[in-house]
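Enquirer: Sharing a structure here in structure tokens format.
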Amino acid sequence: MKPSITLSGFLMGECWPLDWLIKPLTLLGFRIYVAWVFFASGLTKIQSWSSTVYLFEDEYNVPLLSPEIAAYLGTAAELILPVLLALGLLTRPAALALFVFNIVAVISYPYLFTIEGAGGFWQHVFWGAMLWTVFVFGPGKFSLDYLLTGRIQARNRHV
């Protein structure tokens, strides 16, 4: 017997007919979008390294790190973590690291707290919400993590 769709089930998300597809596609969309945003930022940074170091010296106020070390670490994070996120490999650690990186970026760039920079602030909030969602719910079925954990579990059953 087919489960029927009720109003309360629909409102509470308990009877979505395509739930098996909606959640993995949503998580994949979040992963790819946020990965693209951060990776594009990293590519911009490596195009002109002297400009990047200048920004870290004069614009960004990264706590506890010298501007040059912050520039290297920030650029590396923006080039490596998004690749892991998009592929769905080590997804939760990558999402958490980018979530923290996103918070540091907001704290370090005072312009985001001005009226002119408010749009940028809300972009970071949006990206943070997407990253937190991926961290909490995992990468979904369309990820290397899903494939690898399935193989590991299958191997453990045969041992």
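In the structure tokens, chains take letters A, B, ... by order of appearance, with residues numbered from 1 within each chain and ligands from 1 in the order shown.
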I want to know what sits within 12 Å of A:Leu85, based on only C-alpha atoms, with residues of the same chain fewer than 6 positions away left out; could you give that as a ChimeraX atom specification?
Expert: /A:27-39,77-79,91-99,130-131,134-135,138-140,142-145
Enquirer: Go through stretch 14-83 of chain A and collect every residue that DSSP, computed from the backbone, puts in helix (DSSP H, G or I); the answer should be as a PyMOL selection string.
Expert: chain A and resi 19-47+49-58+67-83
Enquirer: For stretch 116-127 of chain A, list every protein, DNA or RNA residue within 8 Å, evaluated using only C-alpha atoms, and leave out those in the same chain fewer than 6 positions away; present the list as a PyMOL selection string.
Expert: chain A and resi 34+102-103+106
Enquirer: Figure out the distance between atom CA of A:Leu112 and atom CA of A:Leu73, please, to one decimal in Å.
Expert: 21.0 Å
Enquirer: With distances taken over only C-alpha atoms, which of A:Thr52, A:Ser41, A:Thr26, A:Thr6 is nearest to A:Pro82?
Expert: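 Smallest distance to A:Pro82 is found for A:Ser41.
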Enquirer: One decimal, Å: what's the distance from atom CA of A:Gly150 over to atom CA of A:Val83, could you say?
Expert: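 Atom CA of A:Val83 lies 21.3 Å from atom CA of A:Gly150.
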Enquirer: Please compute the atom CA of A:Phe56-atom CA of A:Gly128 distance, one decimal, in Å.
Expert: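 Atom-to-atom, atom CA of A:Phe56 and atom CA of A:Gly128 are spaced 21.6 Å apart.
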